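**Q** You'll find structure32.pdb just under this line, and it carries PDB, C-alpha atoms and all ligand atoms.
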```
ATOM      1  CA  MET R  22     -42.079 -39.495 -22.230  1.00  0.00           C
ATOM      2  CA  LEU R  23     -41.481 -42.988 -20.848  1.00  0.00           C
ATOM      3  CA  THR R  24     -38.257 -43.045 -18.843  1.00  0.00           C
ATOM      4  CA  ARG R  25     -37.839 -46.505 -17.325  1.00  0.00           C
ATOM      5  CA  ILE R  26     -39.222 -50.002 -16.998  1.00  0.00           C
ATOM      6  CA  ASP R  27     -41.148 -49.452 -13.751  1.00  0.00           C
ATOM      7  CA  HIS R  28     -42.083 -53.096 -13.253  1.00  0.00           C
ATOM      8  CA  ILE R  29     -42.868 -56.463 -14.738  1.00  0.00           C
ATOM      9  CA  GLY R  30     -46.184 -57.843 -13.450  1.00  0.00           C
ATOM     10  CA  ILE R  31     -46.124 -61.587 -12.742  1.00  0.00           C
ATOM     11  CA  ALA R  32     -49.331 -63.481 -11.990  1.00  0.00           C
ATOM     12  CA  CYS R  33     -49.161 -66.262  -9.389  1.00  0.00           C
ATOM     13  CA  PHE R  34     -51.502 -68.554  -7.479  1.00  0.00           C
ATOM     14  CA  ASP R  35     -49.746 -68.236  -4.110  1.00  0.00           C
ATOM     15  CA  LEU R  36     -48.058 -64.928  -3.282  1.00  0.00           C
ATOM     16  CA  GLU R  37     -46.072 -66.182  -0.262  1.00  0.00           C
ATOM     17  CA  ARG R  38     -44.633 -69.177  -2.129  1.00  0.00           C
ATOM     18  CA  THR R  39     -43.742 -67.034  -5.133  1.00  0.00           C
ATOM     19  CA  VAL R  40     -42.089 -64.386  -2.944  1.00  0.00           C
ATOM     20  CA  GLU R  41     -40.074 -67.164  -1.322  1.00  0.00           C
ATOM     21  CA  PHE R  42     -38.961 -68.453  -4.756  1.00  0.00           C
ATOM     22  CA  TYR R  43     -37.644 -65.006  -5.735  1.00  0.00           C
ATOM     23  CA  ARG R  44     -35.911 -64.615  -2.347  1.00  0.00           C
ATOM     24  CA  ALA R  45     -34.325 -68.067  -2.254  1.00  0.00           C
ATOM     25  CA  THR R  46     -33.362 -68.187  -5.935  1.00  0.00           C
ATOM     26  CA  TYR R  47     -32.228 -64.622  -6.639  1.00  0.00           C
ATOM     27  CA  GLY R  48     -31.983 -62.917  -3.248  1.00  0.00           C
ATOM     28  CA  PHE R  49     -34.685 -60.346  -4.075  1.00  0.00           C
ATOM     29  CA  GLU R  50     -36.448 -59.040  -0.953  1.00  0.00           C
ATOM     30  CA  VAL R  51     -39.965 -57.653  -0.574  1.00  0.00           C
ATOM     31  CA  PHE R  52     -39.924 -53.846  -0.693  1.00  0.00           C
ATOM     32  CA  HIS R  53     -43.666 -53.334  -0.252  1.00  0.00           C
ATOM     33  CA  THR R  54     -46.924 -55.312  -0.060  1.00  0.00           C
ATOM     34  CA  GLU R  55     -50.511 -54.187  -0.410  1.00  0.00           C
ATOM     35  CA  VAL R  56     -54.010 -55.207  -1.435  1.00  0.00           C
ATOM     36  CA  ASN R  57     -55.568 -53.212  -4.271  1.00  0.00           C
ATOM     37  CA  GLU R  58     -59.269 -54.075  -4.142  1.00  0.00           C
ATOM     38  CA  GLU R  59     -60.074 -52.014  -7.225  1.00  0.00           C
ATOM     39  CA  GLN R  60     -57.617 -54.095  -9.273  1.00  0.00           C
ATOM     40  CA  GLY R  61     -58.516 -57.316  -7.429  1.00  0.00           C
ATOM     41  CA  VAL R  62     -54.933 -58.161  -6.442  1.00  0.00           C
ATOM     42  CA  ARG R  63     -52.720 -58.842  -3.477  1.00  0.00           C
ATOM     43  CA  GLU R  64     -49.230 -57.821  -4.485  1.00  0.00           C
ATOM     44  CA  ALA R  65     -45.589 -57.767  -3.486  1.00  0.00           C
ATOM     45  CA  MET R  66     -43.141 -55.304  -5.000  1.00  0.00           C
ATOM     46  CA  LEU R  67     -39.517 -56.505  -5.184  1.00  0.00           C
ATOM     47  CA  LYS R  68     -37.172 -53.625  -5.917  1.00  0.00           C
ATOM     48  CA  ILE R  69     -34.518 -54.602  -8.432  1.00  0.00           C
ATOM     49  CA  ASN R  70     -32.660 -51.332  -9.056  1.00  0.00           C
ATOM     50  CA  GLU R  71     -32.977 -47.569  -9.009  1.00  0.00           C
ATOM     51  CA  THR R  72     -33.123 -45.764 -12.327  1.00  0.00           C
ATOM     52  CA  SER R  73     -31.544 -42.620 -13.729  1.00  0.00           C
ATOM     53  CA  ASP R  74     -34.894 -40.762 -13.762  1.00  0.00           C
ATOM     54  CA  GLY R  75     -35.074 -40.897  -9.935  1.00  0.00           C
ATOM     55  CA  GLY R  76     -37.469 -43.860  -9.920  1.00  0.00           C
ATOM     56  CA  ALA R  77     -36.870 -47.602  -9.700  1.00  0.00           C
ATOM     57  CA  SER R  78     -37.589 -50.914 -11.383  1.00  0.00           C
ATOM     58  CA  TYR R  79     -39.525 -53.652  -9.600  1.00  0.00           C
ATOM     59  CA  LEU R  80     -40.984 -57.085 -10.047  1.00  0.00           C
ATOM     60  CA  GLN R  81     -44.688 -56.945  -9.131  1.00  0.00           C
ATOM     61  CA  LEU R  82     -45.927 -60.336  -7.947  1.00  0.00           C
ATOM     62  CA  LEU R  83     -49.723 -60.530  -8.211  1.00  0.00           C
ATOM     63  CA  GLU R  84     -52.213 -62.935  -6.628  1.00  0.00           C
ATOM     64  CA  PRO R  85     -55.889 -62.392  -7.438  1.00  0.00           C
ATOM     65  CA  THR R  86     -58.303 -61.579  -4.628  1.00  0.00           C
ATOM     66  CA  ARG R  87     -61.265 -62.730  -6.730  1.00  0.00           C
ATOM     67  CA  GLU R  88     -61.752 -65.013  -9.710  1.00  0.00           C
ATOM     68  CA  ASP R  89     -63.418 -62.387 -11.906  1.00  0.00           C
ATOM     69  CA  SER R  90     -60.514 -59.922 -11.627  1.00  0.00           C
ATOM     70  CA  ALA R  91     -58.154 -59.272 -14.550  1.00  0.00           C
ATOM     71  CA  VAL R  92     -55.431 -61.418 -12.982  1.00  0.00           C
ATOM     72  CA  GLY R  93     -57.881 -64.096 -11.840  1.00  0.00           C
ATOM     73  CA  LYS R  94     -59.282 -64.513 -15.336  1.00  0.00           C
ATOM     74  CA  TRP R  95     -55.823 -64.479 -16.890  1.00  0.00           C
ATOM     75  CA  LEU R  96     -54.494 -67.143 -14.467  1.00  0.00           C
ATOM     76  CA  ALA R  97     -57.456 -69.428 -15.131  1.00  0.00           C
ATOM     77  CA  LYS R  98     -56.749 -69.236 -18.850  1.00  0.00           C
ATOM     78  CA  ASN R  99     -52.944 -69.192 -18.946  1.00  0.00           C
ATOM     79  CA  GLY R 100     -51.573 -70.347 -15.595  1.00  0.00           C
ATOM     80  CA  GLU R 101     -48.749 -68.497 -13.890  1.00  0.00           C
ATOM     81  CA  GLY R 102     -46.401 -66.207 -15.803  1.00  0.00           C
ATOM     82  CA  VAL R 103     -45.649 -62.704 -17.035  1.00  0.00           C
ATOM     83  CA  HIS R 104     -48.930 -60.748 -17.064  1.00  0.00           C
ATOM     84  CA  HIS R 105     -47.879 -57.203 -18.062  1.00  0.00           C
ATOM     85  CA  ILE R 106     -45.053 -54.730 -18.379  1.00  0.00           C
ATOM     86  CA  ALA R 107     -45.152 -51.214 -16.953  1.00  0.00           C
ATOM     87  CA  PHE R 108     -43.317 -48.134 -18.185  1.00  0.00           C
ATOM     88  CA  GLY R 109     -42.610 -45.265 -15.804  1.00  0.00           C
ATOM     89  CA  THR R 110     -43.245 -41.672 -16.791  1.00  0.00           C
ATOM     90  CA  PRO R 111     -43.288 -38.338 -14.968  1.00  0.00           C
ATOM     91  CA  ASP R 112     -46.648 -37.588 -16.651  1.00  0.00           C
ATOM     92  CA  VAL R 113     -49.048 -40.517 -16.982  1.00  0.00           C
ATOM     93  CA  ASP R 114     -51.894 -38.254 -18.168  1.00  0.00           C
ATOM     94  CA  GLY R 115     -49.815 -36.756 -20.973  1.00  0.00           C
ATOM     95  CA  ALA R 116     -48.301 -40.102 -21.951  1.00  0.00           C
ATOM     96  CA  ALA R 117     -51.743 -41.740 -22.091  1.00  0.00           C
ATOM     97  CA  ASP R 118     -53.193 -38.884 -24.155  1.00  0.00           C
ATOM     98  CA  GLY R 119     -50.307 -39.056 -26.611  1.00  0.00           C
ATOM     99  CA  ILE R 120     -50.583 -42.815 -27.014  1.00  0.00           C
ATOM    100  CA  ARG R 121     -54.397 -42.641 -27.308  1.00  0.00           C
ATOM    101  CA  GLY R 122     -53.871 -40.159 -30.123  1.00  0.00           C
ATOM    102  CA  LYS R 123     -51.899 -42.801 -31.987  1.00  0.00           C
ATOM    103  CA  GLY R 124     -54.942 -45.077 -32.043  1.00  0.00           C
ATOM    104  CA  VAL R 125     -54.011 -47.376 -29.145  1.00  0.00           C
ATOM    105  CA  ARG R 126     -56.867 -48.107 -26.725  1.00  0.00           C
ATOM    106  CA  VAL R 127     -56.205 -46.701 -23.241  1.00  0.00           C
ATOM    107  CA  LEU R 128     -58.371 -48.670 -20.814  1.00  0.00           C
ATOM    108  CA  TYR R 129     -59.175 -45.886 -18.327  1.00  0.00           C
ATOM    109  CA  ASP R 130     -60.468 -42.367 -19.000  1.00  0.00           C
ATOM    110  CA  ARG R 131     -58.422 -41.180 -16.031  1.00  0.00           C
ATOM    111  CA  PRO R 132     -55.511 -42.908 -14.280  1.00  0.00           C
ATOM    112  CA  ARG R 133     -56.373 -44.991 -11.215  1.00  0.00           C
ATOM    113  CA  THR R 134     -54.429 -45.817  -8.062  1.00  0.00           C
ATOM    114  CA  GLY R 135     -51.610 -48.360  -8.309  1.00  0.00           C
ATOM    115  CA  SER R 136     -48.838 -49.619  -6.034  1.00  0.00           C
ATOM    116  CA  MET R 137     -47.529 -47.276  -3.369  1.00  0.00           C
ATOM    117  CA  GLY R 138     -49.935 -44.484  -4.300  1.00  0.00           C
ATOM    118  CA  SER R 139     -48.824 -44.348  -7.921  1.00  0.00           C
ATOM    119  CA  ARG R 140     -51.173 -43.338 -10.736  1.00  0.00           C
ATOM    120  CA  ILE R 141     -51.637 -45.997 -13.415  1.00  0.00           C
ATOM    121  CA  THR R 142     -53.417 -46.783 -16.626  1.00  0.00           C
ATOM    122  CA  PHE R 143     -53.293 -49.651 -19.121  1.00  0.00           C
ATOM    123  CA  LEU R 144     -53.068 -50.056 -22.893  1.00  0.00           C
ATOM    124  CA  HIS R 145     -55.081 -52.828 -24.499  1.00  0.00           C
ATOM    125  CA  PRO R 146     -52.868 -55.858 -25.274  1.00  0.00           C
ATOM    126  CA  LYS R 147     -54.576 -56.379 -28.633  1.00  0.00           C
ATOM    127  CA  ASP R 148     -53.275 -52.943 -29.720  1.00  0.00           C
ATOM    128  CA  CYS R 149     -49.747 -53.649 -28.356  1.00  0.00           C
ATOM    129  CA  HIS R 150     -48.744 -56.838 -30.191  1.00  0.00           C
ATOM    130  CA  GLY R 151     -50.105 -59.042 -27.406  1.00  0.00           C
ATOM    131  CA  VAL R 152     -48.495 -57.231 -24.459  1.00  0.00           C
ATOM    132  CA  LEU R 153     -50.715 -55.747 -21.731  1.00  0.00           C
ATOM    133  CA  THR R 154     -48.883 -52.471 -21.071  1.00  0.00           C
ATOM    134  CA  GLU R 155     -49.208 -50.253 -18.006  1.00  0.00           C
ATOM    135  CA  LEU R 156     -48.127 -46.627 -17.624  1.00  0.00           C
ATOM    136  CA  VAL R 157     -47.092 -45.472 -14.129  1.00  0.00           C
ATOM    137  CA  THR R 158     -46.312 -42.198 -12.426  1.00  0.00           C
ATOM    138  CA  SER R 159     -44.754 -42.869  -9.060  1.00  0.00           C
ATOM    139  CA  ALA R 160     -45.986 -41.075  -5.936  1.00  0.00           C
ATOM    140  CA  SER R 161     -42.559 -41.286  -4.329  1.00  0.00           C
ATOM    141  CA  PRO R 162     -41.427 -37.859  -3.088  1.00  0.00           C
ATOM    142  CA  SER R 163     -37.844 -39.026  -3.521  1.00  0.00           C
ATOM    143  CA  SER R 164     -38.371 -39.577  -7.227  1.00  0.00           C
ATOM    144  CA  ALA R 165     -37.778 -36.897  -9.821  1.00  0.00           C
ATOM    145  CA  GLU R 166     -41.419 -37.131 -10.857  1.00  0.00           C
ATOM    146  CA  HIS R 167     -43.117 -33.948  -9.758  1.00  0.00           C
TER     147      HIS R 167
HETATM  148  N1  LIG U 201     -51.614 -60.067 -21.806  1.00  0.00           N
HETATM  149  C1  LIG U 201     -51.856 -60.301 -23.115  1.00  0.00           C
HETATM  150  N2  LIG U 201     -53.091 -60.550 -23.617  1.00  0.00           N
HETATM  151  C2  LIG U 201     -54.118 -60.535 -22.732  1.00  0.00           C
HETATM  152  C3  LIG U 201     -53.942 -60.281 -21.370  1.00  0.00           C
HETATM  153  C4  LIG U 201     -52.622 -60.063 -20.904  1.00  0.00           C
HETATM  154  N3  LIG U 201     -52.366 -59.835 -19.610  1.00  0.00           N
HETATM  155  N4  LIG U 201     -55.125 -60.323 -20.756  1.00  0.00           N
HETATM  156  C5  LIG U 201     -56.043 -60.599 -21.703  1.00  0.00           C
HETATM  157  N5  LIG U 201     -55.423 -60.732 -22.886  1.00  0.00           N
HETATM  158  C6  LIG U 201     -56.055 -61.087 -24.166  1.00  0.00           C
HETATM  159  C7  LIG U 201     -56.791 -62.397 -24.041  1.00  0.00           C
HETATM  160  O1  LIG U 201     -55.942 -63.494 -24.289  1.00  0.00           O
HETATM  161  C8  LIG U 201     -57.878 -62.267 -25.078  1.00  0.00           C
HETATM  162  O2  LIG U 201     -57.365 -62.580 -26.338  1.00  0.00           O
HETATM  163  P1  LIG U 201     -58.194 -63.532 -27.371  1.00  0.00           P
HETATM  164  O3  LIG U 201     -59.457 -62.750 -27.651  1.00  0.00           O
HETATM  165  O4  LIG U 201     -57.285 -63.648 -28.542  1.00  0.00           O
HETATM  166  O5  LIG U 201     -58.441 -64.792 -26.623  1.00  0.00           O
HETATM  167  C9  LIG U 201     -58.209 -60.786 -25.036  1.00  0.00           C
HETATM  168  O6  LIG U 201     -57.050 -60.121 -24.472  1.00  0.00           O
HETATM  169  C10 LIG U 201     -59.410 -60.483 -24.172  1.00  0.00           C
HETATM  170  O7  LIG U 201     -59.162 -61.082 -22.913  1.00  0.00           O
HETATM  171  P2  LIG U 201     -60.254 -61.604 -21.908  1.00  0.00           P
HETATM  172  O8  LIG U 201     -59.699 -62.805 -21.204  1.00  0.00           O
HETATM  173  O9  LIG U 201     -61.586 -61.700 -22.557  1.00  0.00           O
HETATM  174  O10 LIG U 201     -60.242 -60.480 -20.814  1.00  0.00           O
HETATM  175  P3  LIG U 201     -60.960 -59.067 -20.804  1.00  0.00           P
HETATM  176  O11 LIG U 201     -61.173 -58.535 -22.171  1.00  0.00           O
HETATM  177  O12 LIG U 201     -62.103 -59.151 -19.884  1.00  0.00           O
HETATM  178  O13 LIG U 201     -59.798 -58.236 -20.069  1.00  0.00           O
HETATM  179  C11 LIG U 201     -58.096 -56.618 -20.171  1.00  0.00           C
HETATM  180  C12 LIG U 201     -58.563 -57.965 -20.692  1.00  0.00           C
HETATM  181  C13 LIG U 201     -56.705 -56.352 -20.706  1.00  0.00           C
HETATM  182  C14 LIG U 201     -59.082 -55.531 -20.630  1.00  0.00           C
HETATM  183  C15 LIG U 201     -58.097 -56.699 -18.606  1.00  0.00           C
HETATM  184  O14 LIG U 201     -57.199 -57.712 -18.223  1.00  0.00           O
HETATM  185  C16 LIG U 201     -57.708 -55.393 -17.936  1.00  0.00           C
HETATM  186  O15 LIG U 201     -58.508 -54.505 -17.767  1.00  0.00           O
HETATM  187  N6  LIG U 201     -56.410 -55.279 -17.521  1.00  0.00           N
HETATM  188  C17 LIG U 201     -55.947 -54.055 -16.860  1.00  0.00           C
HETATM  189  C18 LIG U 201     -56.034 -54.161 -15.364  1.00  0.00           C
HETATM  190  C19 LIG U 201     -55.130 -55.210 -14.796  1.00  0.00           C
HETATM  191  O16 LIG U 201     -54.536 -56.029 -15.484  1.00  0.00           O
HETATM  192  N7  LIG U 201     -54.995 -55.173 -13.423  1.00  0.00           N
HETATM  193  C20 LIG U 201     -54.149 -56.100 -12.698  1.00  0.00           C
HETATM  194  C21 LIG U 201     -52.770 -55.527 -12.456  1.00  0.00           C
HETATM  195  C22 LIG U 201     -52.790 -54.373 -11.472  1.00  0.00           C
HETATM  196  C23 LIG U 201     -51.468 -53.627 -11.382  1.00  0.00           C
HETATM  197  O17 LIG U 201     -50.590 -53.780 -12.229  1.00  0.00           O
HETATM  198  O18 LIG U 201     -51.317 -52.837 -10.411  1.00  0.00           O
HETATM  199 CO    CO U 202     -48.570 -53.417 -12.666  1.00  0.00          CO
END
```
Would you give me this structure, written as structure tokens?
Ligand code: CMX
Ligand code: CO
**A**
Amino acid sequence: MLTRIDHIGIACFDLERTVEFYRATYGFEVFHTEVNEEQGVREAMLKINETSDGGASYLQLLEPTREDSAVGKWLAKNGEGVHHIAFGTPDVDGAADGIRGKGVRVLYDRPRTGSMGSRITFLHPKDCHGVLTELVTSASPSSAEH
């Protein structure tokens, strides 16, 4: 079951300048930053609100660490903008299996590591009406996701 919008992933060329835009324009502050070498991104998570499932919704600002990464390739083709949406679930394995069973391509055999120790996988955008879709189970001990 998918229980929240976990985050919207936004691709940018310059993480610090984009963070500053979101701070100055909307007042959103950085909750967390990290580099995920496997995904080829440097990222900032801006927490927007907590959700009724014990999790939260974020904006995920993404700068590529290398040109041949998913975000690097996408930026070269499209420029900056919304790159993906992510749904939160208490059970990313079960959610991915269920969706795979409906004929949608799940990109990873097993979930990989995402922001803040979460477990993530992706659905192919060509099977999702043009939207790259991520599934996330948070690692947060304060969340209801155990
Ligand atoms: N949204 C919508 N469509 C997308 C897309 C996106 N973000 N990225 C690629 N596509 C489309 C392309 O436009 C292209 O369509 P056309 O054939 O009509 O031109 C098609 O998908 C293939 O794209 P591509 O540029 O050839 O790229 P690849 O096939 O090499 O990779 C994808 C596409 C989805 C498999 C790859 O981006 C991927 O593995 N993504 C998952 C990982 C990821 O995005 N990590 C970064 C975020 C990390 C995080 O959230 O923590
Ligand atoms: Co994401």
**Q** Show me, as a ChimeraX atom specification, the residues that have an atom within 12 Å of Lys98 (chain R) when counting all atoms listed in the file, minus same-chain residues fewer than 6 positions from it.
**A** /R:32,88-89,91-92,104
**Q** Extract, using all atoms listed in the file, all DNA, RNA and protein residues at most 9 Å from Asn57 (chain R), discarding same-chain residues fewer than 3 positions from it, and format them as a list in words.
**A**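 Using all atoms listed in the file, the neighbours found are Gln60, Gly61, Val62, Arg63, Glu64, Thr86, Thr134, Gly135 and Ser136 of chain R.
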**Q** Could you give me, as a PyMOL selection string, the residues within 10 Å of Asp112 (chain R), counting only C-alpha atoms and dropping anything in the same chain fewer than 5 positions from it?
**A** chain R and resi 22-23+117+140+156-159+166-167
**Q** Please check which protein, DNA or RNA residues sit within 8 Å of ligand CO 202 (chain U), counting all atoms listed in the file, and write them as a CSV table (one decimal) with C-alpha atoms, in the coordinates of the input.
**A**
```csv
chain,number,residue,atom,x,y,z
R,28,HIS,CA,-42.1,-53.1,-13.3
R,29,ILE,CA,-42.9,-56.5,-14.7
R,30,GLY,CA,-46.2,-57.8,-13.4
R,81,GLN,CA,-44.7,-56.9,-9.1
R,105,HIS,CA,-47.9,-57.2,-18.1
R,106,ILE,CA,-45.1,-54.7,-18.4
R,107,ALA,CA,-45.2,-51.2,-17.0
R,135,GLY,CA,-51.6,-48.4,-8.3
R,136,SER,CA,-48.8,-49.6,-6.0
R,155,GLU,CA,-49.2,-50.3,-18.0
```
**Q** With distances taken over all atoms listed in the file, which of R:Asp148, R:Phe34, R:Ile120, R:Thr110 is nearest to Lys94 (chain R)?
**A** R:Phe34
**Q** Please, what distance in Å, to one decimal, runs between CA of Glu37 (chain R) and CA of Glu84 (chain R)?
**A** 9.4 Å
**Q** I need the residue nearest ligand LIG 201 (chain U) from this list: R:Phe143, R:Tyr43, R:Tyr129, R:Phe49. Use only C-alpha atoms and all ligand atoms for the distance.
**A**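 Selected residue with least distance to ligand LIG 201 (chain U): R:Phe143.
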**Q** Go through R:His53, R:Arg38, R:Arg25, R:His145 and flag the residue nearest Asn70 (chain R), using only C-alpha atoms for the distances.
**A** R:Arg25
**Q** With only C-alpha atoms and all ligand atoms as the basis for distance, which of R:Gly119, R:Gly124, R:Gly102, R:Pro111 is at the shortest distance from ligand LIG 201 (chain U)?
**A**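 Ranked by minimum distance to ligand LIG 201 (chain U), first place goes to R:Gly102.
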**Q** Give me, please, the distance in Å between CA of Leu82 (chain R) and CA of Gly115 (chain R), quoted to one decimal.
**A**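 Interatomic distance, CA of Leu82 (chain R) to CA of Gly115 (chain R): 27.2 Å.
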